[in-house]
Amino acid sequence: MNTRRVRLGDLSVGVVDGLADAVRALGSAPAPLLEQYGLDAARLGESRARLSIPRYMRLGHAAIQLTGEPALGLWMGRLSRLSQVGLAGVTAAQAPTVREAARALIRFEPLYASNYRGQSSFHEDAQGAWLRFYSISPYNAYNRFVIDSVLAGWLCQLRALAGQALQPVKVEIEFPAPAYAADYAELFGAPPEFGAERNQLRLDQASLGLRNPLHCPSTWAHLLEICERELEQLTRTRSLRERVTQLLGPLLNGREPDLEEVAARLQLPTWTLRRKLAEEGAQFRGILNDTRRDLAMAYIRDTELAFGEIAYLLGFASAEAFQRAFKRWSGQTPGEFRRAQRLLG
């Protein structure tokens, strides 16, 4: 069987600096742990170096075990710096206001993070704005720290930019309140709403309008141009098939998307999408099946998710339907495939 080695996503290695700072602040030495994951000083200093998301989650879990601190993600957010997310962060640091800094961090997220599960978004209205991080459910000991570190990081980075202790109006988190729930109030100013529909924090218009005392208009304009070019290059190098595949990851969550929905997301008429895919020698149903297959193998190989959870993430009606499909794709049951991958190391 010839399949592509699909990645569930990756991040700039700059995010590891925040994790190392948190481990150090909690009284442990981060270097031995990082070296176990191939993250020595040379690797962390490479331009454009990336870390796979499954590996990052395992690293975070190991750091929690090392420090004994389940709220490690909140520590990471508290100690994070804009420069740790590369060009996007350096650009955001030159924004004129908190609003424009938040927009830059989220618009240029693909420059420092890529994830099949989705992309962050910024939603503004007359009263304020939501900064929204996509769902990575089902939640477990390997991924809760990611939500904590992102939401806490956004808030602390924007506070540093404004030079003021701005407070969110509201913080919502998808997973149920963890054992360390009391730790959130000190950082956010109030307890989050746990078990919410989304992971997001809300800032009011007064906070969004706070000025950045270090803003330089010409530098800001120049950095925006560079980021837009980098973002355009990322998009231009993808075929339409690749763009459809990228969209399918988050849309598969608990259901099966159709051609019409994907066409709407790409702002194309359905018939145009079908024709353009045909010109590339592809069909929507084939891309959907290939995406499910490749993601199934990546989830089984690279995560600790139960097979029922993987079935849900890939939009299967039942775990049994997923098992049958996987046996058809690979000639093995999911359990046999996972055991074989563990033996391969």
# chains A, B, ... in the order shown; residues from 1 in each chain; ligands from 1
>>> residues_around(residues="region 289-291 of chain A", least_positions_apart="4", cutoff="10 Å", atoms="only C-alpha atoms", output="list in words")
Thr3, Arg4, Val6, Val244, Thr245, Gln246, Leu248, Gly249, Leu252, Phe284, Arg285, Leu295, Ala296, Met297, Leu314, Ala325 and Trp329 of chain A
>>> write_last_selection(atoms="N, CA and C atoms", output="mmCIF file, in the first residue's frame")
data_model
loop_
_atom_site.group_PDB
_atom_site.id
_atom_site.type_symbol
_atom_site.label_atom_id
_atom_site.label_comp_id
_atom_site.auth_asym_id
_atom_site.auth_seq_id
_atom_site.Cartn_x
_atom_site.Cartn_y
_atom_site.Cartn_z
ATOM 1 N N THR A 3 0.921 5.061 0.743
ATOM 2 C CA THR A 3 0.216 6.196 1.320
ATOM 3 C C THR A 3 1.198 7.287 1.677
ATOM 4 N N ARG A 4 0.692 8.498 1.705
ATOM 5 C CA ARG A 4 1.520 9.629 2.088
ATOM 6 C C ARG A 4 1.710 9.641 3.595
ATOM 7 N N VAL A 6 1.264 11.582 6.343
ATOM 8 C CA VAL A 6 0.561 12.806 6.708
ATOM 9 C C VAL A 6 0.977 13.252 8.097
ATOM 10 N N VAL A 244 -8.133 21.542 -0.475
ATOM 11 C CA VAL A 244 -9.322 20.794 -0.052
ATOM 12 C C VAL A 244 -8.972 19.880 1.123
ATOM 13 N N THR A 245 -7.843 19.189 1.023
ATOM 14 C CA THR A 245 -7.407 18.302 2.102
ATOM 15 C C THR A 245 -7.234 19.069 3.404
ATOM 16 N N GLN A 246 -6.642 20.266 3.313
ATOM 17 C CA GLN A 246 -6.429 21.085 4.502
ATOM 18 C C GLN A 246 -7.753 21.496 5.138
ATOM 19 N N LEU A 248 -10.577 19.767 4.967
ATOM 20 C CA LEU A 248 -11.340 18.626 5.440
ATOM 21 C C LEU A 248 -11.012 18.244 6.875
ATOM 22 N N GLY A 249 -9.770 18.450 7.315
ATOM 23 C CA GLY A 249 -9.372 18.048 8.662
ATOM 24 C C GLY A 249 -10.333 18.518 9.739
ATOM 25 N N LEU A 252 -14.223 17.394 9.339
ATOM 26 C CA LEU A 252 -14.573 15.995 9.577
ATOM 27 C C LEU A 252 -15.038 15.732 11.002
ATOM 28 N N PHE A 284 -13.640 14.735 -5.549
ATOM 29 C CA PHE A 284 -13.854 15.063 -4.146
ATOM 30 C C PHE A 284 -13.960 13.817 -3.280
ATOM 31 N N ARG A 285 -14.729 12.813 -3.703
ATOM 32 C CA ARG A 285 -14.905 11.614 -2.896
ATOM 33 C C ARG A 285 -13.575 10.902 -2.660
ATOM 34 N N LEU A 295 -5.233 10.499 7.725
ATOM 35 C CA LEU A 295 -5.372 11.023 9.075
ATOM 36 C C LEU A 295 -5.546 9.891 10.084
ATOM 37 N N ALA A 296 -6.288 8.853 9.700
ATOM 38 C CA ALA A 296 -6.459 7.705 10.602
ATOM 39 C C ALA A 296 -5.104 7.105 10.954
ATOM 40 N N MET A 297 -4.256 6.926 9.960
ATOM 41 C CA MET A 297 -2.939 6.351 10.224
ATOM 42 C C MET A 297 -2.089 7.272 11.087
ATOM 43 N N LEU A 314 -12.946 11.565 12.513
ATOM 44 C CA LEU A 314 -12.936 11.358 11.066
ATOM 45 C C LEU A 314 -14.342 11.272 10.488
ATOM 46 N N ALA A 325 -13.512 0.268 7.680
ATOM 47 C CA ALA A 325 -12.832 1.076 6.667
ATOM 48 C C ALA A 325 -11.326 0.954 6.803
ATOM 49 N N TRP A 329 -8.511 -0.264 4.100
ATOM 50 C CA TRP A 329 -7.401 0.572 3.644
ATOM 51 C C TRP A 329 -6.043 -0.100 3.833
#
>>> closest_residue(among="A:Phe316, A:Trp75, A:Tyr142, A:Trp220", to="Ala95 (chain A)", atoms="only C-alpha atoms")
A:Trp220
>>> residues_around(residues="Ala311 (chain A)", least_positions_apart="4", cutoff="9 Å", atoms="only C-alpha atoms", output="PyMOL selection string")
chain A and resi 254+296+306-307+315-323
>>> residues_around(residues="Leu11 (chain A)", least_positions_apart="3", cutoff="10 Å", atoms="only C-alpha atoms", output="list in words")
Gly14, Val15, Val16, Arg48, Ala49, Arg50, Leu51, Ser52, Ile53, Tyr56, Val85, Glu109, Pro110, Leu111, Tyr112, Ala113, Ser114 and Asn115 of chain A
>>> write_last_selection(atoms="N, CA and C atoms", output="PDB file, in the first residue's frame")
ATOM      1  N   GLY A  14      10.184  27.813  18.240  1.00  0.00           N
ATOM      2  CA  GLY A  14      10.200  28.930  19.180  1.00  0.00           C
ATOM      3  C   GLY A  14       9.265  28.717  20.354  1.00  0.00           C
ATOM      4  N   VAL A  15       8.169  27.945  20.154  1.00  0.00           N
ATOM      5  CA  VAL A  15       7.236  27.712  21.260  1.00  0.00           C
ATOM      6  C   VAL A  15       7.893  26.910  22.381  1.00  0.00           C
ATOM      7  N   VAL A  16       8.954  26.179  22.032  1.00  0.00           N
ATOM      8  CA  VAL A  16       9.644  25.378  23.041  1.00  0.00           C
ATOM      9  C   VAL A  16      10.347  26.281  24.060  1.00  0.00           C
ATOM     10  N   ARG A  48      13.463  28.518  10.698  1.00  0.00           N
ATOM     11  CA  ARG A  48      12.274  27.826  10.205  1.00  0.00           C
ATOM     12  C   ARG A  48      12.143  26.393  10.707  1.00  0.00           C
ATOM     13  N   ALA A  49      12.870  26.015  11.737  1.00  0.00           N
ATOM     14  CA  ALA A  49      12.748  24.657  12.286  1.00  0.00           C
ATOM     15  C   ALA A  49      11.349  24.457  12.868  1.00  0.00           C
ATOM     16  N   ARG A  50      10.809  23.251  12.688  1.00  0.00           N
ATOM     17  CA  ARG A  50       9.456  22.946  13.144  1.00  0.00           C
ATOM     18  C   ARG A  50       9.464  21.698  14.032  1.00  0.00           C
ATOM     19  N   LEU A  51       8.422  21.595  14.846  1.00  0.00           N
ATOM     20  CA  LEU A  51       8.222  20.473  15.743  1.00  0.00           C
ATOM     21  C   LEU A  51       6.821  19.932  15.488  1.00  0.00           C
ATOM     22  N   SER A  52       6.684  18.627  15.272  1.00  0.00           N
ATOM     23  CA  SER A  52       5.362  18.071  15.008  1.00  0.00           C
ATOM     24  C   SER A  52       4.468  18.233  16.236  1.00  0.00           C
ATOM     25  N   ILE A  53       3.186  18.416  16.000  1.00  0.00           N
ATOM     26  CA  ILE A  53       2.254  18.626  17.102  1.00  0.00           C
ATOM     27  C   ILE A  53       2.167  17.413  18.033  1.00  0.00           C
ATOM     28  N   TYR A  56       5.152  17.615  20.197  1.00  0.00           N
ATOM     29  CA  TYR A  56       5.008  18.734  21.140  1.00  0.00           C
ATOM     30  C   TYR A  56       4.097  18.350  22.302  1.00  0.00           C
ATOM     31  N   VAL A  85       6.963  33.385  18.577  1.00  0.00           N
ATOM     32  CA  VAL A  85       6.194  32.912  17.424  1.00  0.00           C
ATOM     33  C   VAL A  85       6.717  33.542  16.130  1.00  0.00           C
ATOM     34  N   GLU A 109      -0.922  33.325  11.808  1.00  0.00           N
ATOM     35  CA  GLU A 109      -0.675  32.070  12.519  1.00  0.00           C
ATOM     36  C   GLU A 109      -0.099  30.975  11.615  1.00  0.00           C
ATOM     37  N   PRO A 110      -0.547  30.848  10.344  1.00  0.00           N
ATOM     38  CA  PRO A 110       0.032  29.796   9.500  1.00  0.00           C
ATOM     39  C   PRO A 110       1.551  29.897   9.331  1.00  0.00           C
ATOM     40  N   LEU A 111       2.123  31.069   9.606  1.00  0.00           N
ATOM     41  CA  LEU A 111       3.584  31.209   9.487  1.00  0.00           C
ATOM     42  C   LEU A 111       4.321  30.517  10.629  1.00  0.00           C
ATOM     43  N   TYR A 112       3.627  30.262  11.743  1.00  0.00           N
ATOM     44  CA  TYR A 112       4.301  29.609  12.870  1.00  0.00           C
ATOM     45  C   TYR A 112       3.583  28.367  13.380  1.00  0.00           C
ATOM     46  N   ALA A 113       2.389  28.070  12.867  1.00  0.00           N
ATOM     47  CA  ALA A 113       1.662  26.890  13.322  1.00  0.00           C
ATOM     48  C   ALA A 113       0.731  26.386  12.230  1.00  0.00           C
ATOM     49  N   SER A 114       0.738  25.096  12.009  1.00  0.00           N
ATOM     50  CA  SER A 114      -0.157  24.469  11.041  1.00  0.00           C
ATOM     51  C   SER A 114      -0.797  23.262  11.707  1.00  0.00           C
ATOM     52  N   ASN A 115      -2.115  23.160  11.653  1.00  0.00           N
ATOM     53  CA  ASN A 115      -2.806  22.072  12.328  1.00  0.00           C
ATOM     54  C   ASN A 115      -4.000  21.628  11.504  1.00  0.00           C
TER      55      ASN A 115
END
>>> closest_residue(among="A:Ala264, A:Ala185, A:Leu158, A:Val13", to="Gly45 (chain A)", atoms="only C-alpha atoms")
A:Val13
>>> select_by_dssp(residues="region 8-233 of chain A", states="alpha helix (DSSP H)", output="tab-separated table (two decimals) with C-alpha atoms, in the first residue's frame")
chain	number	residue	atom	x	y	z
A	15	VAL	CA	7.24	27.71	21.26
A	16	VAL	CA	9.64	25.38	23.04
A	17	ASP	CA	11.35	28.41	24.58
A	18	GLY	CA	8.18	29.16	26.51
A	19	LEU	CA	7.96	25.59	27.74
A	20	ALA	CA	11.64	25.65	28.78
A	21	ASP	CA	11.13	28.93	30.64
A	22	ALA	CA	8.17	27.44	32.54
A	23	VAL	CA	10.08	24.28	33.46
A	24	ARG	CA	12.97	26.42	34.68
A	25	ALA	CA	10.67	28.68	36.70
A	30	PRO	CA	14.75	21.81	30.85
A	31	ALA	CA	17.85	20.86	28.80
A	32	PRO	CA	17.91	17.09	29.55
A	33	LEU	CA	14.21	16.81	28.75
A	34	LEU	CA	14.51	18.77	25.50
A	35	GLU	CA	17.48	16.69	24.38
A	36	GLN	CA	15.39	13.53	24.79
A	41	ALA	CA	20.59	24.23	21.23
A	42	ALA	CA	21.54	23.72	17.57
A	43	ARG	CA	18.07	22.50	16.64
A	44	LEU	CA	16.34	25.29	18.55
A	53	ILE	CA	2.25	18.63	17.10
A	54	PRO	CA	2.12	15.03	18.43
A	55	ARG	CA	5.75	15.35	19.54
A	56	TYR	CA	5.01	18.73	21.14
A	57	MET	CA	2.11	17.23	23.07
A	58	ARG	CA	4.27	14.37	24.32
A	59	LEU	CA	6.95	16.89	25.30
A	60	GLY	CA	4.40	18.95	27.23
A	61	HIS	CA	3.10	15.88	29.03
A	62	ALA	CA	6.65	14.87	29.96
A	63	ALA	CA	7.30	18.41	31.25
A	64	ILE	CA	4.17	18.21	33.44
A	65	GLN	CA	5.41	14.92	34.86
A	66	LEU	CA	8.89	16.34	35.44
A	67	THR	CA	7.67	19.46	37.25
A	72	LEU	CA	2.15	24.08	33.15
A	73	GLY	CA	0.31	25.65	30.20
A	74	LEU	CA	-0.70	28.65	32.33
A	75	TRP	CA	2.93	29.10	33.37
A	76	MET	CA	3.96	28.93	29.73
A	77	GLY	CA	1.45	31.61	28.76
A	78	ARG	CA	2.49	33.86	31.64
A	79	LEU	CA	6.16	33.68	30.58
A	86	GLY	CA	8.69	34.20	14.90
A	87	LEU	CA	7.98	36.76	12.20
A	88	ALA	CA	4.28	36.96	13.12
A	89	GLY	CA	5.15	37.81	16.72
A	90	VAL	CA	7.82	40.35	15.79
A	91	THR	CA	5.26	41.99	13.49
A	92	ALA	CA	2.55	42.01	16.17
A	98	VAL	CA	-3.85	45.78	20.97
A	99	ARG	CA	-6.50	45.20	18.30
A	100	GLU	CA	-4.03	45.20	15.42
A	101	ALA	CA	-1.55	43.07	17.38
A	102	ALA	CA	-4.23	40.43	18.03
A	103	ARG	CA	-5.28	40.50	14.38
A	104	ALA	CA	-1.67	40.05	13.23
A	105	LEU	CA	-1.04	37.12	15.58
A	106	ILE	CA	-4.12	35.34	14.30
A	107	ARG	CA	-3.94	36.27	10.61
A	144	ARG	CA	-5.12	20.53	27.81
A	145	PHE	CA	-1.88	22.43	28.37
A	146	VAL	CA	-2.00	23.62	24.74
A	147	ILE	CA	-5.30	25.46	25.25
A	148	ASP	CA	-4.01	26.91	28.54
A	149	SER	CA	-0.77	28.13	26.97
A	150	VAL	CA	-2.43	29.71	23.91
A	151	LEU	CA	-5.18	31.64	25.73
A	152	ALA	CA	-2.86	32.69	28.57
A	153	GLY	CA	-0.15	33.56	26.04
A	154	TRP	CA	-2.41	35.80	23.96
A	155	LEU	CA	-3.50	37.71	27.05
A	156	CYS	CA	-0.02	38.10	28.56
A	157	GLN	CA	1.57	39.05	25.24
A	158	LEU	CA	-1.05	41.73	24.64
A	159	ARG	CA	-0.66	43.02	28.20
A	160	ALA	CA	3.08	43.36	27.62
A	161	LEU	CA	2.48	45.19	24.34
A	162	ALA	CA	0.11	47.71	25.95
A	183	ASP	CA	-5.16	28.74	39.11
A	184	TYR	CA	-6.99	30.44	36.23
A	185	ALA	CA	-8.58	33.22	38.28
A	186	GLU	CA	-5.27	34.79	39.27
A	187	LEU	CA	-4.13	35.02	35.64
A	188	PHE	CA	-7.40	35.93	33.91
A	205	GLN	CA	-13.31	47.93	22.88
A	206	ALA	CA	-11.35	49.91	25.49
A	207	SER	CA	-8.77	47.12	25.77
A	208	LEU	CA	-8.61	46.64	21.99
A	217	PRO	CA	4.64	53.14	11.64
A	218	SER	CA	7.24	52.47	8.96
A	219	THR	CA	8.56	49.31	10.62
A	220	TRP	CA	5.01	48.06	11.14
A	221	ALA	CA	4.17	48.64	7.47
A	222	HIS	CA	7.35	46.90	6.31
A	223	LEU	CA	6.80	43.86	8.52
A	224	LEU	CA	3.19	43.56	7.37
A	225	GLU	CA	4.38	43.47	3.76
A	226	ILE	CA	6.85	40.67	4.56
A	227	CYS	CA	4.20	38.63	6.40
A	228	GLU	CA	1.69	39.01	3.58
A	229	ARG	CA	4.29	37.83	1.05
A	230	GLU	CA	5.15	34.80	3.20
A	231	LEU	CA	1.45	33.96	3.61
A	232	GLU	CA	0.81	34.31	-0.12
A	233	GLN	CA	3.74	32.02	-0.86
>>> residues_around(residues="region 164-180 of chain A", least_positions_apart="3", cutoff="6 Å", atoms="only C-alpha atoms", output="list in words")
Arg159, Asp183, Pro192, Glu193, Phe194, Gly195, Ala196, Glu197, Arg198, Asn199, Gln200, Leu201, Arg202 and Leu203 of chain A
>>> closest_residue(among="A:Gln341, A:Ser330, A:Thr97, A:Gln267", to="Arg293 (chain A)", atoms="only C-alpha atoms")
A:Ser330
>>> atom_distance(atom1="CA of Leu343 (chain A)", atom2="CA of Asp40 (chain A)")
25.9 Å
